[in-house]
Structure formats: structure tokens, C-alpha cells
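Student: Quick one: the structure is below, and I'll ask about it shortly.
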Amino acid sequence: MAKGVKPRVKVPKTASAGDVITIKTLISHKMESGQRKDKKTGKIKPREIIHRFTCDFNGQNVIDVKLEPAISSNPYFQFKAKVPTSGEFKFTWYDDDGSIYSTSKKIAVG
Amino acid sequence: MTITRRYALALGGGALALTGLSGLPAFASVADDAIMKITGGAKVVEGGVDLTAPEIAENGNTVPVAVSAPGASVITILAPSNPSPAVATFNFGPLSGASEASTRMRLAKTQKVIAVAKMADGSFHTASAMVKVTIGGCGG
């Protein structure tokens, strides 16, 4: 598990049924690309990135992103989601080392 | 249908004309290879995709990029002059509000960034944007 990984997500608290909302996500992660050299040892630092990010709403997929080493550190995403009813957004990040980071946000329709 | 000599020649000529038209030869091969991998050789149409990236990026470590393609089910971003050309692939699910997303990417040097969108009907659309990079962002 990489150290200091903290997901941050911005979702509006309320919406009308059928609204399209904008979601912003950020997760602190160094996204070691596997291209950089360690200055002290001269060896290439092994790749360690988040390779997949998904967002689901009440179990239905909103977006599924495949990340490559060319994504900047602290990967940031902004995208749009449809909100048919009240429910919960679930955000999941998959690390190369097998760790899974997740967070969720509720939204109320009314 | 049997492939006659005339047919084969016509095919070859068409392919030559296409490669002749498409951009700079220096990176065209890398870009074309990467696009081929996504499309599996299907025809790619220019336009129908919006790719927003800055003209000049001072720091290649974080270059904001936004893609939008109405009706797309998958959008892939490519940076052909990076050590590995793929940047990210967005798969839009049933609850996606619009086929658009933005993120931040690393660029090793000045290059043409390409977005390839797979539409719901299976066709492929593409767009590109030239980004000037002052300081590269892939180690070194």
C-alpha cells in the first residue's frame, strides 16, 4: 500500500431527478511512471501507478478509466453523471500493488 | 470474391494515397500503430471529437486535457512522442451524463496529442491538438 493515499471527491449534495451533474475526483498518489531513475542508486524506479478508476451509482457504471503511466501524479478526473434517483456514488481506484482505494458520496434527489 | 490483379492494384494505390496524406511521417508511424491497436484497422474519421489542451504547456508533468465526443462509448487519449503512447482510456457507462472527461497528463516533449473516440455505432472518430512543452515530464 502506497503511503499517504487520500481520495477526494466533489459531488453536489442534491439534484433533480434525471439531472446531469459534474463530478470531480482527485487522489493523492505519486504515480511512479517506471521511467525515472533514482538519483542515489542510478537504478530505474519500478512502475507504481493507479491503473484503473471506476465510478458507479447504485451499482450501475458511470465511468471506467484505464490509466497509463502518462497520467500525472495525484490523478484528477472530471466527468458527468446522470442521477435518476437518490443514491450513492461509489468511487474506486486500483493500484498496481493490488491495493484498492475507495470512497463514496450520497446524493439526494428532491 | 476473388482478388484480381486490377483490384489488388486499386487497393494498394488507395492505401498509398492515404498514408501520403496523413501528417508528418516522423511520428505518423507510432501514432498510426497506436490508433490501429484501438480501431483494429477500421476507418477513422477526422472530427466529431473535441480535444482541449493548452497550446503551450510550461510543465510537461501536468498538462490539463479535456475530451468530449457526443455519442461516444470509449475515448482514448494518445501522446505518440511519449515513451509509451497511451495516456488514458475512458469507458462511459450507462449512467454517464455526457461522453466527456478531463484529466491531467504527462508529456515528454512537444507533440501532437490525439484523441480517438469509438462511437456507439462502432465507427471511430479522431481529433488532435499540438501542445508545446517547455519542460518535459517523463523522468530524465
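Ligands are numbered from 1 in the order shown, residues from 1 within each chain, and chains are lettered A, B, ... in the order they appear in the C-alpha cells.
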Counting only C-alpha atoms, which residues in chain B sit no more than 10 Å from chain A? For each one, give the nearest pair of atoms and the distance in Å, sorted by chain then residue number, as a tab-separated table.
Tutor:
residue	atom	partner	partner_atom	distance
B:Gly60	CA	A:Ser72	CA	9.2
B:Asn61	CA	A:Ser72	CA	6.1
B:Thr62	CA	A:Ser72	CA	5.6
B:Val63	CA	A:Ser72	CA	8.0
B:Pro64	CA	A:Ser72	CA	9.4
B:Ala66	CA	A:Gln78	CA	8.8
B:Val67	CA	A:Phe79	CA	10.0
B:Ser68	CA	A:Phe79	CA	9.9
B:Ser73	CA	A:Ile63	CA	9.9
B:Val74	CA	A:Asp64	CA	9.5
B:Ile75	CA	A:Val65	CA	9.6
B:Thr76	CA	A:Lys66	CA	9.1
B:Leu78	CA	A:Ala70	CA	9.3
B:Ala79	CA	A:Ala70	CA	8.4
B:Asn82	CA	A:Ala70	CA	7.8
B:Pro83	CA	A:Gln35	CA	8.3
B:Ser84	CA	A:Ala70	CA	7.8
B:Pro85	CA	A:Ala70	CA	8.2
B:Ala86	CA	A:Glu68	CA	6.4
B:Val87	CA	A:Ala70	CA	5.0
B:Ala88	CA	A:Leu67	CA	4.8
B:Thr89	CA	A:Lys66	CA	4.9
B:Phe90	CA	A:Val65	CA	4.5
B:Asn91	CA	A:Asp64	CA	4.9
B:Phe92	CA	A:Ile63	CA	4.7
B:Gly93	CA	A:Val62	CA	4.5
B:Pro94	CA	A:Asn61	CA	6.1
B:Leu95	CA	A:Val62	CA	4.7
B:Ser96	CA	A:Ala81	CA	4.5
B:Gly97	CA	A:Ala81	CA	4.0
B:Ala98	CA	A:Lys80	CA	5.7
B:Ser99	CA	A:Lys80	CA	7.8
B:Glu100	CA	A:Phe79	CA	6.1
B:Ala101	CA	A:Phe79	CA	4.5
B:Ser102	CA	A:Gln78	CA	5.1
B:Thr103	CA	A:Phe77	CA	4.8
B:Arg104	CA	A:Ser72	CA	5.7
B:Met105	CA	A:Ile71	CA	4.3
B:Arg106	CA	A:Ala70	CA	4.9
B:Leu107	CA	A:Ala70	CA	7.1
B:Ala108	CA	A:Ala70	CA	8.9
B:Gly137	CA	A:Ser72	CA	8.8
B:Cys138	CA	A:Gln35	CA	6.6
B:Gly139	CA	A:Arg36	CA	4.3
B:Gly140	CA	A:Arg36	CA	6.1
Student: Take the residues that were just selected and, keeping C-alpha atoms, output them as a short mmCIF file (atom, residue, chain, number, x, y, z; two decimals), in the first residue's frame.
Tutor:
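As written to disk, again39.cif reads:
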data_model
loop_
_atom_site.label_atom_id
_atom_site.label_comp_id
_atom_site.auth_asym_id
_atom_site.auth_seq_id
_atom_site.Cartn_x
_atom_site.Cartn_y
_atom_site.Cartn_z
CA GLY B 60 5.10 18.65 -19.04
CA ASN B 61 4.35 16.95 -15.73
CA THR B 62 0.79 18.22 -15.52
CA VAL B 63 -0.89 19.16 -18.75
CA PRO B 64 -4.65 19.59 -18.43
CA ALA B 66 -10.30 17.56 -21.84
CA VAL B 67 -12.08 15.35 -24.35
CA SER B 68 -15.68 15.33 -25.42
CA SER B 73 -18.78 4.94 -25.77
CA VAL B 74 -14.99 4.90 -25.45
CA ILE B 75 -12.45 7.72 -25.79
CA THR B 76 -8.70 7.10 -25.78
CA LEU B 78 -2.67 9.22 -27.11
CA ALA B 79 0.63 11.06 -26.87
CA ASN B 82 5.90 9.76 -25.04
CA PRO B 83 7.89 6.65 -24.05
CA SER B 84 4.59 4.80 -24.31
CA PRO B 85 1.91 6.45 -26.42
CA ALA B 86 -1.24 5.57 -24.46
CA VAL B 87 -2.39 8.10 -21.85
CA ALA B 88 -5.86 7.08 -20.73
CA THR B 89 -8.96 5.27 -21.91
CA PHE B 90 -12.38 6.44 -20.78
CA ASN B 91 -15.22 3.92 -20.95
CA PHE B 92 -18.57 5.60 -20.48
CA GLY B 93 -21.16 3.53 -18.64
CA PRO B 94 -24.96 3.58 -18.80
CA LEU B 95 -25.24 6.36 -16.21
CA SER B 96 -22.69 8.64 -17.80
CA GLY B 97 -24.24 12.08 -18.27
CA ALA B 98 -22.19 13.05 -21.31
CA SER B 99 -19.28 11.48 -23.17
CA GLU B 100 -16.75 13.91 -21.84
CA ALA B 101 -13.98 13.86 -19.28
CA SER B 102 -10.93 15.81 -18.29
CA THR B 103 -7.72 14.90 -16.55
CA ARG B 104 -4.04 15.86 -16.33
CA MET B 105 -1.31 14.09 -18.24
CA ARG B 106 2.46 13.95 -18.62
CA LEU B 107 4.09 14.90 -21.91
CA ALA B 108 7.74 14.10 -22.60
CA GLY B 137 7.58 15.36 -17.77
CA CYS B 138 8.84 11.80 -18.10
CA GLY B 139 11.80 11.44 -15.79
CA GLY B 140 15.34 12.04 -17.06
#
Student: Quick check, in Å to one decimal: how far apart do atom CA of His29 of chain A and atom CA of Val5 of chain A lie?
Tutor: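 Interatomic distance here is 5.7 Å.
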Student: Pick out each residue of chain A that DSSP on the backbone tags as strand (DSSP E); I need them as a ChimeraX atom specification.
Tutor: /A:7-10,14-15,19-27,50-57,60-67,76-83,87-95,100-109
Student: Have a look at atom CA of Gly122 of chain B and atom CA of Ala72 of chain B and let me know their distance in Å, one decimal.
Tutor: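 For atom CA of Gly122 of chain B relative to atom CA of Ala72 of chain B, the distance reads 9.1 Å.
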Student: Please run DSSP on the backbone and report, as a PyMOL selection string, all residues within segment 2-137 of chain B that come out as helix (DSSP H, G or I).
Tutor: chain B and resi 5-21+25-39
Student: Take the residues from that selection and put them in a file with C-alpha atoms, as a JSON list (two decimals), in the first residue's frame.
Tutor:
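What landed in part28.json:
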[["chain", "number", "residue", "atom", "x", "y", "z"],
["B", 5, "ARG", "CA", -4.79, -8.10, -60.18],
["B", 6, "ARG", "CA", -6.71, -4.94, -61.04],
["B", 7, "TYR", "CA", -8.49, -4.97, -57.67],
["B", 8, "ALA", "CA", -5.25, -5.52, -55.75],
["B", 9, "LEU", "CA", -3.59, -2.61, -57.55],
["B", 10, "ALA", "CA", -6.51, -0.32, -56.83],
["B", 11, "LEU", "CA", -6.37, -1.25, -53.15],
["B", 12, "GLY", "CA", -2.64, -0.64, -52.92],
["B", 13, "GLY", "CA", -2.96, 2.71, -54.66],
["B", 14, "GLY", "CA", -5.67, 3.81, -52.27],
["B", 15, "ALA", "CA", -3.62, 2.86, -49.24],
["B", 16, "LEU", "CA", -0.61, 4.76, -50.57],
["B", 17, "ALA", "CA", -2.68, 7.88, -51.15],
["B", 18, "LEU", "CA", -3.98, 7.68, -47.59],
["B", 19, "THR", "CA", -0.55, 7.37, -45.96],
["B", 20, "GLY", "CA", 0.72, 10.19, -48.14],
["B", 21, "LEU", "CA", -1.95, 12.50, -46.82],
["B", 25, "PRO", "CA", 5.99, 10.95, -41.36],
["B", 26, "ALA", "CA", 8.30, 11.19, -38.32],
["B", 27, "PHE", "CA", 5.72, 10.19, -35.76],
["B", 28, "ALA", "CA", 2.93, 9.13, -38.06],
["B", 29, "SER", "CA", 4.04, 5.51, -37.75],
["B", 30, "VAL", "CA", 3.93, 5.47, -33.93],
["B", 31, "ALA", "CA", 0.62, 7.32, -33.91],
["B", 32, "ASP", "CA", -0.81, 5.11, -36.64],
["B", 33, "ASP", "CA", 0.29, 1.97, -34.81],
["B", 34, "ALA", "CA", -1.34, 3.18, -31.62],
["B", 35, "ILE", "CA", -4.54, 4.09, -33.44],
["B", 36, "MET", "CA", -4.52, 0.75, -35.29],
["B", 37, "LYS", "CA", -4.37, -1.04, -31.93],
["B", 38, "ILE", "CA", -7.54, 0.72, -30.83],
["B", 39, "THR", "CA", -9.52, 0.52, -34.04]]
Student: Compile the contact shell of Lys105 of chain A as a short mmCIF file (atom, residue, chain, number, x, y, z; two decimals) with N, CA, C and O atoms, in the first residue's frame: residues with an atom at most 12 Å away, counting only C-alpha atoms, same-chain residues fewer than 3 positions apart removed.
Tutor:
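Result saved to result.cif:
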data_model
loop_
_atom_site.label_atom_id
_atom_site.label_comp_id
_atom_site.auth_asym_id
_atom_site.auth_seq_id
_atom_site.Cartn_x
_atom_site.Cartn_y
_atom_site.Cartn_z
N PRO A 7 -8.20 9.81 -1.16
CA PRO A 7 -9.11 10.22 -2.23
C PRO A 7 -9.96 11.41 -1.83
O PRO A 7 -10.37 11.53 -0.67
N ARG A 8 -10.19 12.29 -2.76
CA ARG A 8 -11.06 13.44 -2.53
C ARG A 8 -12.06 13.52 -3.68
O ARG A 8 -11.67 13.38 -4.84
N VAL A 9 -13.32 13.73 -3.35
CA VAL A 9 -14.36 13.70 -4.37
C VAL A 9 -15.32 14.86 -4.14
O VAL A 9 -15.64 15.17 -2.99
N LYS A 10 -15.73 15.48 -5.21
CA LYS A 10 -16.70 16.57 -5.10
C LYS A 10 -17.95 16.19 -5.89
O LYS A 10 -17.89 16.03 -7.11
N VAL A 11 -19.06 16.03 -5.16
CA VAL A 11 -20.34 15.70 -5.77
C VAL A 11 -21.38 16.66 -5.17
O VAL A 11 -21.36 16.89 -3.96
N PRO A 12 -22.28 17.23 -5.98
CA PRO A 12 -23.32 18.06 -5.40
C PRO A 12 -24.18 17.26 -4.42
O PRO A 12 -24.38 16.06 -4.60
N LYS A 13 -24.68 17.92 -3.37
CA LYS A 13 -25.44 17.19 -2.34
C LYS A 13 -26.85 16.85 -2.83
O LYS A 13 -27.42 15.84 -2.45
N THR A 14 -27.41 17.74 -3.66
CA THR A 14 -28.77 17.49 -4.13
C THR A 14 -28.83 17.70 -5.64
O THR A 14 -27.97 18.36 -6.23
N ILE A 23 -18.89 15.72 -11.67
CA ILE A 23 -18.17 15.14 -10.54
C ILE A 23 -16.68 15.38 -10.74
O ILE A 23 -16.16 15.24 -11.85
N LYS A 24 -16.02 15.79 -9.66
CA LYS A 24 -14.56 15.97 -9.71
C LYS A 24 -13.92 15.04 -8.70
O LYS A 24 -14.39 14.95 -7.56
N THR A 25 -12.88 14.36 -9.10
CA THR A 25 -12.18 13.47 -8.18
C THR A 25 -10.69 13.73 -8.24
O THR A 25 -10.15 14.09 -9.29
N CYS A 55 -16.29 4.67 -11.39
CA CYS A 55 -17.33 5.34 -10.63
C CYS A 55 -18.65 4.64 -10.93
O CYS A 55 -18.98 4.43 -12.10
N ASP A 56 -19.36 4.25 -9.89
CA ASP A 56 -20.66 3.60 -10.05
C ASP A 56 -21.70 4.35 -9.25
O ASP A 56 -21.40 4.93 -8.20
N PHE A 57 -22.93 4.30 -9.73
CA PHE A 57 -24.04 4.90 -8.99
C PHE A 57 -25.08 3.82 -8.75
O PHE A 57 -25.62 3.26 -9.71
N ASN A 58 -25.34 3.50 -7.50
CA ASN A 58 -26.27 2.43 -7.13
C ASN A 58 -25.98 1.15 -7.91
O ASN A 58 -26.87 0.48 -8.39
N SER A 86 -32.32 9.20 -5.85
CA SER A 86 -31.36 9.37 -4.76
C SER A 86 -30.50 8.12 -4.67
O SER A 86 -30.94 7.03 -5.01
N GLY A 87 -29.32 8.30 -4.18
CA GLY A 87 -28.47 7.12 -4.07
C GLY A 87 -27.05 7.49 -3.71
O GLY A 87 -26.79 8.58 -3.19
N GLU A 88 -26.15 6.56 -4.03
CA GLU A 88 -24.77 6.72 -3.59
C GLU A 88 -23.82 6.47 -4.74
O GLU A 88 -23.94 5.48 -5.47
N PHE A 89 -22.89 7.39 -4.90
CA PHE A 89 -21.81 7.20 -5.87
C PHE A 89 -20.68 6.46 -5.17
O PHE A 89 -20.29 6.83 -4.05
N LYS A 90 -20.15 5.47 -5.84
CA LYS A 90 -19.02 4.74 -5.27
C LYS A 90 -17.83 4.92 -6.20
O LYS A 90 -17.93 4.70 -7.41
N PHE A 91 -16.72 5.36 -5.63
CA PHE A 91 -15.52 5.62 -6.42
C PHE A 91 -14.44 4.63 -6.01
O PHE A 91 -14.20 4.43 -4.82
N THR A 92 -13.79 4.01 -6.98
CA THR A 92 -12.77 3.01 -6.66
C THR A 92 -11.53 3.23 -7.51
O THR A 92 -11.62 3.43 -8.72
N SER A 102 -11.12 3.32 -1.97
CA SER A 102 -12.47 3.66 -2.38
C SER A 102 -13.08 4.67 -1.44
O SER A 102 -12.66 4.82 -0.29
N ALA A 108 -28.96 13.37 -2.85
CA ALA A 108 -30.40 13.30 -2.63
C ALA A 108 -31.13 13.96 -3.79
O ALA A 108 -30.76 15.04 -4.24
#
Student: Report the distance between atom CA of Ala127 of chain B and atom CA of Asn59 of chain B in Å, rounded to one decimal place.
Tutor: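 Answer for the atom CA of Ala127 of chain B to atom CA of Asn59 of chain B separation: 22.8 Å.
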